[in-house]
Amino acid sequence: MEGPSVPPFGIVFDIDGVLMKSDKGMPEAIEAFKRLPPNTPFLFMTNGGGTPEETKMRKLVDELGLQDTLMEDQFLCSHSPKKDLVEKYATSRVLVVGKDRQYSKHIMESYGFKNFVLLDDFAADRPYLVPWKKYAAGPGTTLDNEPIKAIFQLHEPTDWAEGLQIISDVLQSNGVVTKDDFQPSSEQVVELYVANPDFTYAAHFHKPRYTSGAFVHCLKALYKESCGRELRCTIYGKPFTDLFELAQRSLEQKLAKRSLDAIYMIGDNPKSDIQGANTMGGKWFSILVRTGVFKGRPGDNDSANPAKLVCDHVDEAIKFILKKHGY
């Protein structure tokens with residue numbers, strides 16, 4: 001992407017509540033992409049996790065009619081920066097939490113992790129941890145007493161009760177949890193890395209639904225009640241700057257020697273999309289749409305994290321951007 005035909009701006013699209021709702025493409029999103037000039041630098045950035053980047057990308061391609069126009073590096077998940085942890089945990093065992101077994105395994109292997117255990121295998125090898133749940137026979141491969149050094153939450157677990165119990169046990173331990181006990185640690189020795197700080201997300205139900213941030217909120221409360229300590233965790237995703245910085249580097253790489261005049265963040269969640277873009281400042285310009293978490297009336301803006309512009313939907317946002325730059 002080089003030369004005068006490349007627009008001097010970049011666009012970062014949130015997905016859920018902006019382009020998609022309950023895995024279905026929004027009509028306004030389809031129209032918005034028809035308007036974009038050829039070679040416009042853009043990418044997708046979502047706090048949704050637990051699914052490989054290429055799988056999310058294929059869904060977008062199918063729903064928005066973008067066949068043969070997307071590259072995998074145009075898609076960033078909240079867990080994408082975890083690739084940088086491969087060297088730190090090259091040989092250490094980590095416990096992986098996600099909503100889909102195969103997806104979780106694929107993500108960890110594609111990032112380069114070798115020594116990891118999936119939560120459902122860990123639980124099946126230790127059925128006394130959640131006594132009310134009936135497990136099929138476990139693989140038996142997680143009972144060698146190799147300590148867990150870190151927990152990677154790619155997505156909140158489908159079974160919150162199971163997840164809260166087991167993750168809390170591991171975090172309170174010295175990293176070793178046997179079939180029927182663990183040795184409490186006087187300090188937290190197992191690190192927790194969480195993808196997606198969002199408390200809620202937009203779906204077809206009119207009110208937002210709880211997601212990863214709500215799960216971590218529960219986990220923190222249970223951990224403190226159990227051992228008296230504040231839970232230490234590292235959280236990835238919007239509004240934290242690591243994902244926004246990665247997005248900016250990716251967009252600017254497409255222009256080689258030229259720099260972007262502006263980067264537009266189009267999102268529906270003031271606490272993640274808008275706060276993150278506003279924190280970045282500089283060339284970042286926040287646009288809030290009313291099709292997802294934010295449901296404000298015409299003329300309203302979020303009071304805590306006000307966007308620089310509020311639009312009814314993504315197509316209106318694209319019209320504004322193109323007019324501003326003379327397209």
# chains A, B, ... in the order shown; residues from 1 in each chain; ligands from 1
call {"tool": "select_by_dssp", "arguments": {"residues": "segment 126-292 of chain A", "states": "strand (DSSP E or B)", "output": "number ranges by chain"}}
result
A: 148-153, 173-177, 182-184, 191-195, 200-201, 209-210, 234-236, 262-267, 284-289
call {"tool": "write_last_selection", "arguments": {"atoms": "N, CA and C atoms", "output": "compact mmCIF listing (two decimals), in the first residue's frame"}}
result
# COMPACT_ATOMS: atom_id res chain seq x y z
N ILE A 148 1.91 -25.26 37.98
CA ILE A 148 1.36 -24.28 37.05
C ILE A 148 2.03 -22.94 37.35
N LYS A 149 2.64 -22.33 36.35
CA LYS A 149 3.30 -21.04 36.54
C LYS A 149 2.40 -19.86 36.19
N ALA A 150 1.42 -20.11 35.32
CA ALA A 150 0.54 -19.01 34.91
C ALA A 150 -0.78 -19.58 34.41
N ILE A 151 -1.81 -18.75 34.48
CA ILE A 151 -3.12 -19.06 33.90
C ILE A 151 -3.39 -18.08 32.78
N PHE A 152 -3.72 -18.60 31.61
CA PHE A 152 -4.07 -17.77 30.46
C PHE A 152 -5.57 -17.88 30.23
N GLN A 153 -6.29 -16.82 30.47
CA GLN A 153 -7.72 -16.81 30.19
C GLN A 153 -7.94 -16.18 28.81
N SER A 173 -2.70 -21.59 45.42
CA SER A 173 -1.74 -22.67 45.68
C SER A 173 -0.31 -22.25 45.33
N ASN A 174 0.59 -23.20 45.53
CA ASN A 174 1.98 -23.01 45.09
C ASN A 174 2.18 -23.45 43.65
N GLY A 175 1.08 -23.66 42.96
CA GLY A 175 1.12 -24.09 41.56
C GLY A 175 0.80 -25.56 41.38
N VAL A 176 0.76 -26.30 42.48
CA VAL A 176 0.47 -27.74 42.40
C VAL A 176 -0.87 -28.02 43.09
N VAL A 177 -1.80 -28.57 42.34
CA VAL A 177 -3.09 -28.99 42.89
C VAL A 177 -3.22 -30.49 42.59
N PHE A 182 -4.43 -28.97 47.90
CA PHE A 182 -3.34 -28.11 47.43
C PHE A 182 -2.71 -27.44 48.65
N GLN A 183 -1.46 -27.09 48.51
CA GLN A 183 -0.73 -26.41 49.57
C GLN A 183 -0.89 -24.91 49.39
N PRO A 184 -1.58 -24.22 50.34
CA PRO A 184 -1.74 -22.77 50.18
C PRO A 184 -0.40 -22.05 50.19
N GLU A 191 0.79 -16.51 38.03
CA GLU A 191 0.36 -15.30 37.35
C GLU A 191 -0.95 -15.55 36.60
N LEU A 192 -1.76 -14.52 36.50
CA LEU A 192 -3.02 -14.60 35.76
C LEU A 192 -3.01 -13.58 34.64
N TYR A 193 -3.22 -14.05 33.41
CA TYR A 193 -3.28 -13.18 32.23
C TYR A 193 -4.67 -13.32 31.62
N VAL A 194 -5.36 -12.20 31.49
CA VAL A 194 -6.76 -12.21 31.07
C VAL A 194 -6.92 -11.44 29.77
N ALA A 195 -7.60 -12.05 28.81
CA ALA A 195 -7.98 -11.35 27.59
C ALA A 195 -9.40 -10.82 27.76
N THR A 200 -19.53 -6.13 29.89
CA THR A 200 -20.70 -6.57 29.14
C THR A 200 -20.44 -6.48 27.65
N TYR A 201 -21.32 -7.08 26.86
CA TYR A 201 -21.27 -6.98 25.40
C TYR A 201 -22.69 -6.91 24.87
N ARG A 209 -25.11 -8.16 27.90
CA ARG A 209 -24.89 -9.44 28.59
C ARG A 209 -23.50 -9.43 29.24
N TYR A 210 -23.37 -10.14 30.36
CA TYR A 210 -22.09 -10.21 31.06
C TYR A 210 -21.05 -11.00 30.26
N THR A 234 -2.84 -9.50 34.93
CA THR A 234 -2.51 -8.66 33.78
C THR A 234 -3.62 -8.82 32.77
N ILE A 235 -4.20 -7.69 32.36
CA ILE A 235 -5.35 -7.73 31.47
C ILE A 235 -4.97 -7.17 30.11
N TYR A 236 -5.36 -7.88 29.06
CA TYR A 236 -5.10 -7.46 27.69
C TYR A 236 -6.41 -7.07 27.00
N ALA A 262 -4.54 10.58 10.43
CA ALA A 262 -5.53 10.33 11.49
C ALA A 262 -5.84 8.84 11.54
N ILE A 263 -6.20 8.38 12.74
CA ILE A 263 -6.68 7.01 12.94
C ILE A 263 -8.03 7.11 13.64
N TYR A 264 -9.06 6.57 13.01
CA TYR A 264 -10.41 6.63 13.54
C TYR A 264 -10.78 5.31 14.21
N MET A 265 -11.16 5.39 15.46
CA MET A 265 -11.64 4.23 16.21
C MET A 265 -13.16 4.29 16.23
N ILE A 266 -13.82 3.33 15.60
CA ILE A 266 -15.28 3.28 15.58
C ILE A 266 -15.73 2.16 16.50
N GLY A 267 -16.40 2.50 17.60
CA GLY A 267 -16.80 1.50 18.57
C GLY A 267 -18.14 1.81 19.21
N TRP A 284 -5.36 9.80 17.04
CA TRP A 284 -6.54 8.95 17.25
C TRP A 284 -7.78 9.81 17.44
N PHE A 285 -8.87 9.42 16.77
CA PHE A 285 -10.15 10.14 16.80
C PHE A 285 -11.24 9.12 17.12
N SER A 286 -11.94 9.31 18.24
CA SER A 286 -12.93 8.34 18.71
C SER A 286 -14.31 8.65 18.15
N ILE A 287 -14.98 7.60 17.65
CA ILE A 287 -16.34 7.71 17.14
C ILE A 287 -17.20 6.64 17.83
N LEU A 288 -18.25 7.07 18.49
CA LEU A 288 -19.15 6.17 19.22
C LEU A 288 -20.44 5.97 18.43
N VAL A 289 -20.85 4.72 18.26
CA VAL A 289 -22.10 4.43 17.55
C VAL A 289 -23.15 3.90 18.53
call {"tool": "residues_around", "arguments": {"residues": "Ala304 of chain A", "least_positions_apart": "6", "cutoff": "9 Å", "atoms": "only C-alpha atoms", "output": "PyMOL selection string"}}
result
chain A and resi 270-271+275
call {"tool": "atom_distance", "arguments": {"atom1": "atom CA of Leu43 of chain A", "atom2": "atom CA of Asn196 of chain A"}}
result
17.9 Å
call {"tool": "residues_around", "arguments": {"residues": "segment 101-108 of chain A", "least_positions_apart": "6", "cutoff": "10 Å", "atoms": "only C-alpha atoms", "output": "list in words"}}
result
Gly49, Gly50, Thr51, Pro52, Glu53, Thr55, His79, Ser80, Lys82, Lys83, Val86, Lys114, Asn115, Phe116, Val117, Leu118, Leu119, Asp120, Asp121, Phe152, Gln153, Leu154 and His155 of chain A
call {"tool": "closest_residue", "arguments": {"among": "A:Pro157, A:Leu246, A:Glu187, A:Lys254", "to": "Ala214 of chain A", "atoms": "only C-alpha atoms"}}
result
A:Pro157
call {"tool": "select_by_dssp", "arguments": {"residues": "segment 118-203 of chain A", "states": "alpha helix (DSSP H)", "output": "list in words"}}
result
Leu119, Asp120, Asp121, Phe122, Ala123, Ala124, Trp160, Ala161, Glu162, Gly163, Leu164, Gln165, Ile166, Ile167, Ser168, Asp169, Val170, Leu171 and Gln172 of chain A
call {"tool": "write_last_selection", "arguments": {"atoms": "N, CA and C atoms", "output": "JSON list (two decimals), in the first residue's frame"}}
result
[["chain", "number", "residue", "atom", "x", "y", "z"],
["A", 119, "LEU", "N", -8.26, -26.34, 30.75],
["A", 119, "LEU", "CA", -9.01, -26.39, 32.00],
["A", 119, "LEU", "C", -9.84, -27.66, 32.12],
["A", 120, "ASP", "N", -10.48, -28.09, 31.03],
["A", 120, "ASP", "CA", -11.34, -29.27, 31.16],
["A", 120, "ASP", "C", -10.54, -30.55, 31.41],
["A", 121, "ASP", "N", -9.32, -30.64, 30.86],
["A", 121, "ASP", "CA", -8.46, -31.79, 31.17],
["A", 121, "ASP", "C", -8.00, -31.75, 32.62],
["A", 122, "PHE", "N", -7.63, -30.55, 33.07],
["A", 122, "PHE", "CA", -7.19, -30.36, 34.45],
["A", 122, "PHE", "C", -8.30, -30.77, 35.42],
["A", 123, "ALA", "N", -9.53, -30.38, 35.12],
["A", 123, "ALA", "CA", -10.67, -30.69, 35.98],
["A", 123, "ALA", "C", -11.00, -32.18, 35.95],
["A", 124, "ALA", "N", -10.97, -32.77, 34.75],
["A", 124, "ALA", "CA", -11.32, -34.19, 34.64],
["A", 124, "ALA", "C", -10.33, -35.08, 35.38],
["A", 160, "TRP", "N", -19.21, -21.06, 34.63],
["A", 160, "TRP", "CA", -18.57, -20.11, 35.55],
["A", 160, "TRP", "C", -18.29, -20.74, 36.91],
["A", 161, "ALA", "N", -19.20, -21.56, 37.41],
["A", 161, "ALA", "CA", -18.99, -22.16, 38.73],
["A", 161, "ALA", "C", -17.73, -23.01, 38.75],
["A", 162, "GLU", "N", -17.57, -23.86, 37.75],
["A", 162, "GLU", "CA", -16.37, -24.69, 37.65],
["A", 162, "GLU", "C", -15.13, -23.83, 37.51],
["A", 163, "GLY", "N", -15.19, -22.85, 36.62],
["A", 163, "GLY", "CA", -14.03, -22.01, 36.37],
["A", 163, "GLY", "C", -13.60, -21.22, 37.59],
["A", 164, "LEU", "N", -14.57, -20.60, 38.27],
["A", 164, "LEU", "CA", -14.24, -19.81, 39.46],
["A", 164, "LEU", "C", -13.59, -20.67, 40.54],
["A", 165, "GLN", "N", -14.13, -21.87, 40.75],
["A", 165, "GLN", "CA", -13.59, -22.75, 41.79],
["A", 165, "GLN", "C", -12.16, -23.18, 41.47],
["A", 166, "ILE", "N", -11.94, -23.68, 40.26],
["A", 166, "ILE", "CA", -10.63, -24.24, 39.93],
["A", 166, "ILE", "C", -9.57, -23.16, 39.78],
["A", 167, "ILE", "N", -9.90, -22.07, 39.13],
["A", 167, "ILE", "CA", -8.92, -20.99, 38.97],
["A", 167, "ILE", "C", -8.54, -20.41, 40.32],
["A", 168, "SER", "N", -9.53, -20.23, 41.20],
["A", 168, "SER", "CA", -9.25, -19.73, 42.54],
["A", 168, "SER", "C", -8.34, -20.68, 43.31],
["A", 169, "ASP", "N", -8.59, -21.99, 43.20],
["A", 169, "ASP", "CA", -7.74, -22.98, 43.86],
["A", 169, "ASP", "C", -6.29, -22.86, 43.39],
["A", 170, "VAL", "N", -6.10, -22.81, 42.09],
["A", 170, "VAL", "CA", -4.75, -22.76, 41.53],
["A", 170, "VAL", "C", -4.05, -21.47, 41.94],
["A", 171, "LEU", "N", -4.76, -20.35, 41.93],
["A", 171, "LEU", "CA", -4.15, -19.06, 42.28],
["A", 171, "LEU", "C", -3.76, -19.01, 43.76],
["A", 172, "GLN", "N", -4.48, -19.71, 44.61],
["A", 172, "GLN", "CA", -4.13, -19.72, 46.04],
["A", 172, "GLN", "C", -3.02, -20.71, 46.36]]
call {"tool": "closest_residue", "arguments": {"among": "A:Leu95, A:Pro41, A:Ala137, A:Arg290", "to": "Gln248 of chain A", "atoms": "only C-alpha atoms"}}
result
A:Pro41
call {"tool": "atom_distance", "arguments": {"atom1": "atom CA of Asp302 of chain A", "atom2": "atom CA of His206 of chain A"}}
result
18.3 Å
call {"tool": "atom_distance", "arguments": {"atom1": "atom CA of Met57 of chain A", "atom2": "atom CA of Glu72 of chain A"}}
result
6.9 Å
